[in-house]
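Visitor: Sharing a structure here in structure tokens format.
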Amino acid sequence: MLRFGSVDRSDPRAPYRQIADQFRAAITTGEIAPGERLPSETELIAYFGVARMTVRQALQELKAEGLVHAQQGRGVFTRSAPPIRRLASDRFARKHRADGKAAFSAEAEKVGFAPGVDRIRITRAVAGRDVAERLRVEPAAEVVVRTRRYLADGVPVELATSYVPSSLAAGTRIEEPDTGPGGIYARLEEMGHTLARFTEEVGARMPTPDERAQLEIGDREPVITVVRTAFDTDDVAVEVCDTVKVARAYLLEYDFPAR
């Protein structure tokens, strides 16, 4: 058992908040390591001298903040997702596509986590007003829609939805679960759409219930949103990618000239 203070009955904070605060501090400072198992409910009840409900409330507080997660039949563990440094000026570099790496794989190689992708779904739909405005097409225009979930060391960290005009993607590997080495952008460049620039709109918000479930995060965990539009050398918008990222798992880095 880790060495914690006792519950102070004179403290205006509820006992469960005092317990949660001590665990939060231990997790933040690294006293409790990423992926480490927390003491059992029985052990915590005995240590703090509180009711089972108090212990459960404290653990629920930590779960809601995304600091810990429960594994069925094994116990409660601290989150172990590594921070992903997302360097915008490098992640879409052509050298990565030439090496057969998509952006997420390139990031994984730098940070040292094992990348994964699942829940891939490909459909066709009308663009809709927002996507159409970014792609510079009519709202009724058809697009190929690719949704997927990204994982770092098996932990969900991002949801992504790409919209590519059907005039470019229909019948190509972009409509297949495995788009091949280098991903969507490599396939677009093979078709003659050499990429020239990207624009990104970055925001932050609380996740929807579906996003929380897919990302396996607590209801108090914020997410980062990034909507990216890719343009080719003819300034044609060839893809819009709408991503939802677990905020604690990412560090966004941008490099731009001072002029």
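Naming works like this for the structure tokens: A, B, ... for the chains as they're shown, residue 1 at the start of each chain, ligands 1 onward in shown order.
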Once DSSP has gone over the backbone, tell me which residues of stretch 7-248 of chain A are in alpha helix (DSSP H), as a PyMOL selection string.

Guide: chain A and resi 15-29+41-48+52-64+88-91+94-98+103-111+128-135+166-169+183-190+209-215

Visitor: Can you list, as a CSV table (one decimal) with N, CA, C and O atoms, in the first residue's frame, every protein, DNA or RNA residue that comes within 9 Å of A:Val157 when you count only C-alpha atoms, leaving out same-chain residues fewer than 6 positions away?

Guide:
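out.csv, written as the output of this step:
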```csv
chain,number,residue,atom,x,y,z
A,81,ALA,N,-1.4,5.5,-21.6
A,81,ALA,CA,-1.2,6.0,-23.0
A,81,ALA,C,-0.1,7.0,-23.0
A,81,ALA,O,0.0,7.9,-22.2
A,149,ARG,N,-10.5,4.4,-35.9
A,149,ARG,CA,-10.1,4.8,-34.5
A,149,ARG,C,-8.6,4.4,-34.4
A,149,ARG,O,-8.2,3.4,-34.9
A,150,TYR,N,-7.8,5.3,-33.9
A,150,TYR,CA,-6.4,5.1,-33.7
A,150,TYR,C,-6.1,4.8,-32.3
A,150,TYR,O,-6.7,5.3,-31.3
A,151,LEU,N,-5.1,3.9,-32.1
A,151,LEU,CA,-4.7,3.4,-30.8
A,151,LEU,C,-3.2,3.5,-30.6
A,151,LEU,O,-2.4,3.3,-31.6
A,215,LEU,N,-13.6,6.2,-27.3
A,215,LEU,CA,-12.3,6.6,-26.8
A,215,LEU,C,-12.0,6.0,-25.4
A,215,LEU,O,-10.9,6.1,-24.9
A,216,GLU,N,-13.0,5.5,-24.8
A,216,GLU,CA,-12.9,4.9,-23.4
A,216,GLU,C,-12.4,5.8,-22.4
A,216,GLU,O,-11.4,5.6,-21.7
A,244,VAL,N,-11.0,13.8,-33.6
A,244,VAL,CA,-11.3,14.0,-32.2
A,244,VAL,C,-10.2,13.3,-31.4
A,244,VAL,O,-10.1,12.1,-31.5
A,245,LYS,N,-9.4,14.0,-30.6
A,245,LYS,CA,-8.2,13.5,-29.9
A,245,LYS,C,-8.4,13.6,-28.4
A,245,LYS,O,-8.9,14.6,-27.9
A,246,VAL,N,-8.0,12.5,-27.7
A,246,VAL,CA,-8.0,12.6,-26.3
A,246,VAL,C,-7.0,13.6,-25.9
A,246,VAL,O,-5.8,13.5,-26.2
A,247,ALA,N,-7.4,14.7,-25.2
A,247,ALA,CA,-6.5,15.8,-24.9
A,247,ALA,C,-5.3,15.4,-24.1
A,247,ALA,O,-4.2,15.9,-24.4
A,249,ALA,N,-3.6,12.8,-24.2
A,249,ALA,CA,-2.7,11.9,-24.9
A,249,ALA,C,-1.9,12.7,-26.0
A,249,ALA,O,-1.0,12.1,-26.6
A,250,TYR,N,-2.2,14.0,-26.2
A,250,TYR,CA,-1.5,14.7,-27.3
A,250,TYR,C,-0.9,16.0,-26.8
A,250,TYR,O,-1.3,16.7,-26.0
```

Visitor: Tell me, in Å to one decimal, how far atom CA of A:Met191 is from atom CA of A:Val117.

Guide: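 Distance reported for this atom pair: 24.6 Å.
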
Visitor: Env of A:Pro165: 10 Å cut, atoms = only C-alpha atoms, seq-sep filter 2 positions within chain, self excluded. Answer as a list in words.

Guide: Arg124, Ala125, Val126, Ala127, Ala132, Leu135, Val137, Ala141, Glu142, Val143, Val144, Val145, Tyr163, Ser167, Leu168, Ala169, Ala170, Ala237, Val238, Glu239 and Val240 of chain A

Visitor: Store the residues of this selection in a file with N, CA, C and O atoms, as a compact mmCIF listing (two decimals), in the first residue's frame.

Guide:
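Below is the file selection-v6.txt, written as the result:
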```
# COMPACT_ATOMS: atom_id res chain seq x y z
N ARG A 124 -20.27 5.84 -48.75
CA ARG A 124 -20.42 7.01 -49.61
C ARG A 124 -21.62 7.80 -49.10
O ARG A 124 -22.60 7.24 -48.64
N ALA A 125 -21.51 9.14 -49.16
CA ALA A 125 -22.57 10.01 -48.67
C ALA A 125 -22.51 11.34 -49.39
O ALA A 125 -21.55 11.62 -50.13
N VAL A 126 -23.52 12.16 -49.19
CA VAL A 126 -23.48 13.52 -49.74
C VAL A 126 -22.57 14.35 -48.83
O VAL A 126 -22.48 14.10 -47.62
N ALA A 127 -21.93 15.33 -49.38
CA ALA A 127 -20.93 16.09 -48.64
C ALA A 127 -21.53 16.86 -47.47
O ALA A 127 -20.95 16.90 -46.38
N ALA A 132 -18.70 20.35 -47.75
CA ALA A 132 -18.73 20.88 -49.12
C ALA A 132 -18.02 22.23 -49.20
O ALA A 132 -17.29 22.51 -50.17
N LEU A 135 -14.33 21.49 -49.19
CA LEU A 135 -13.89 20.82 -50.41
C LEU A 135 -14.18 21.64 -51.66
O LEU A 135 -13.76 21.26 -52.76
N VAL A 137 -17.10 22.07 -53.14
CA VAL A 137 -18.01 21.34 -54.01
C VAL A 137 -19.44 21.67 -53.59
O VAL A 137 -19.67 22.33 -52.58
N ALA A 141 -22.90 16.98 -53.55
CA ALA A 141 -21.85 16.16 -54.19
C ALA A 141 -21.55 14.93 -53.33
O ALA A 141 -21.58 14.97 -52.10
N GLU A 142 -21.24 13.83 -54.02
CA GLU A 142 -20.95 12.59 -53.29
C GLU A 142 -19.49 12.55 -52.84
O GLU A 142 -18.59 12.97 -53.58
N VAL A 143 -19.29 12.05 -51.62
CA VAL A 143 -17.94 11.89 -51.09
C VAL A 143 -17.79 10.48 -50.54
O VAL A 143 -18.76 9.82 -50.16
N VAL A 144 -16.53 10.01 -50.53
CA VAL A 144 -16.20 8.76 -49.86
C VAL A 144 -15.83 9.12 -48.42
O VAL A 144 -15.03 10.02 -48.18
N VAL A 145 -16.45 8.43 -47.48
CA VAL A 145 -16.26 8.72 -46.06
C VAL A 145 -15.54 7.55 -45.40
O VAL A 145 -16.01 6.41 -45.45
N TYR A 163 -13.12 12.76 -45.59
CA TYR A 163 -14.08 12.96 -46.68
C TYR A 163 -13.28 13.27 -47.94
O TYR A 163 -12.55 14.27 -48.00
N SER A 167 -15.31 11.64 -56.99
CA SER A 167 -14.68 11.78 -58.29
C SER A 167 -13.20 11.41 -58.24
O SER A 167 -12.60 11.05 -59.25
N LEU A 168 -12.61 11.46 -57.04
CA LEU A 168 -11.21 11.08 -56.87
C LEU A 168 -11.06 9.68 -56.29
O LEU A 168 -10.16 8.93 -56.67
N ALA A 169 -11.93 9.34 -55.34
CA ALA A 169 -11.71 8.12 -54.55
C ALA A 169 -12.48 6.90 -55.00
O ALA A 169 -12.08 5.77 -54.69
N ALA A 170 -13.58 7.08 -55.70
CA ALA A 170 -14.43 5.94 -56.06
C ALA A 170 -13.64 4.90 -56.86
O ALA A 170 -12.94 5.22 -57.82
N ALA A 237 -8.95 21.27 -53.28
CA ALA A 237 -9.13 20.59 -52.00
C ALA A 237 -9.42 19.12 -52.28
O ALA A 237 -10.40 18.79 -52.97
N VAL A 238 -8.57 18.22 -51.77
CA VAL A 238 -8.71 16.80 -52.10
C VAL A 238 -9.19 15.95 -50.92
O VAL A 238 -9.61 14.81 -51.12
N GLU A 239 -9.12 16.50 -49.72
CA GLU A 239 -9.59 15.74 -48.55
C GLU A 239 -9.87 16.67 -47.39
O GLU A 239 -9.17 17.67 -47.19
N VAL A 240 -10.92 16.33 -46.63
CA VAL A 240 -11.17 16.95 -45.33
C VAL A 240 -11.11 15.84 -44.29
O VAL A 240 -11.72 14.78 -44.48
```

Visitor: Please provide as number ranges by chain all residues within 7 Å of A:Val227, with the sequence filter that same-chain residues fewer than 4 positions apart are discarded (counting only C-alpha atoms).

Guide: A: 200-202, 241-243

Visitor: May I have the selected residues written with N, CA, C and O atoms, as a PDB file, in the first residue's frame?

Guide:
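So the final result, stored in part-v2.pdb, reads:
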```
ATOM      1  N   GLU A 200      -5.532  23.774 -40.959  1.00  0.00           N
ATOM      2  CA  GLU A 200      -6.089  23.081 -39.798  1.00  0.00           C
ATOM      3  C   GLU A 200      -6.840  24.066 -38.909  1.00  0.00           C
ATOM      4  O   GLU A 200      -6.358  25.174 -38.665  1.00  0.00           O
ATOM      5  N   GLU A 201      -7.986  23.634 -38.429  1.00  0.00           N
ATOM      6  CA  GLU A 201      -8.759  24.392 -37.450  1.00  0.00           C
ATOM      7  C   GLU A 201      -8.760  23.571 -36.164  1.00  0.00           C
ATOM      8  O   GLU A 201      -9.230  22.433 -36.149  1.00  0.00           O
ATOM      9  N   VAL A 202      -8.199  24.129 -35.085  1.00  0.00           N
ATOM     10  CA  VAL A 202      -8.038  23.407 -33.828  1.00  0.00           C
ATOM     11  C   VAL A 202      -9.015  23.958 -32.793  1.00  0.00           C
ATOM     12  O   VAL A 202      -9.138  25.175 -32.624  1.00  0.00           O
ATOM     13  N   CYS A 241     -10.337  16.055 -43.236  1.00  0.00           N
ATOM     14  CA  CYS A 241     -10.223  15.051 -42.175  1.00  0.00           C
ATOM     15  C   CYS A 241     -10.627  15.695 -40.849  1.00  0.00           C
ATOM     16  O   CYS A 241     -10.014  16.671 -40.409  1.00  0.00           O
ATOM     17  N   ASP A 242     -11.657  15.135 -40.234  1.00  0.00           N
ATOM     18  CA  ASP A 242     -12.199  15.631 -38.968  1.00  0.00           C
ATOM     19  C   ASP A 242     -11.751  14.672 -37.867  1.00  0.00           C
ATOM     20  O   ASP A 242     -12.142  13.501 -37.865  1.00  0.00           O
ATOM     21  N   THR A 243     -10.906  15.141 -36.935  1.00  0.00           N
ATOM     22  CA  THR A 243     -10.381  14.265 -35.902  1.00  0.00           C
ATOM     23  C   THR A 243     -10.794  14.732 -34.510  1.00  0.00           C
ATOM     24  O   THR A 243     -10.947  15.935 -34.252  1.00  0.00           O
TER      25      THR A 243
END
```

Visitor: Quick check, in Å to one decimal: how far apart do atom CA of A:Ala196 and atom CA of A:Ala258 lie?

Guide: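 About the pair atom CA of A:Ala196 and atom CA of A:Ala258: they are 20.3 Å apart.
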
Visitor: Any idea what's packed within 9 Å of A:Thr42, counting only C-alpha atoms, ignoring anything in its chain fewer than 4 positions away? Could you give it as number ranges by chain?

Guide: A: 46-47, 52

Visitor: What is the atom CA of A:Arg24 to atom CA of A:Phe113 distance in Å?

Guide: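 Straight-line distance from atom CA of A:Arg24 to atom CA of A:Phe113 works out to 24.3 Å.
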
Visitor: Need to verify the contact set: stretch 172-181 of chain A, 10 Å, only C-alpha atoms, exclusion of same-chain residues closer than 2 positions in sequence. Can you return it as a count of residues only?

Guide: 31
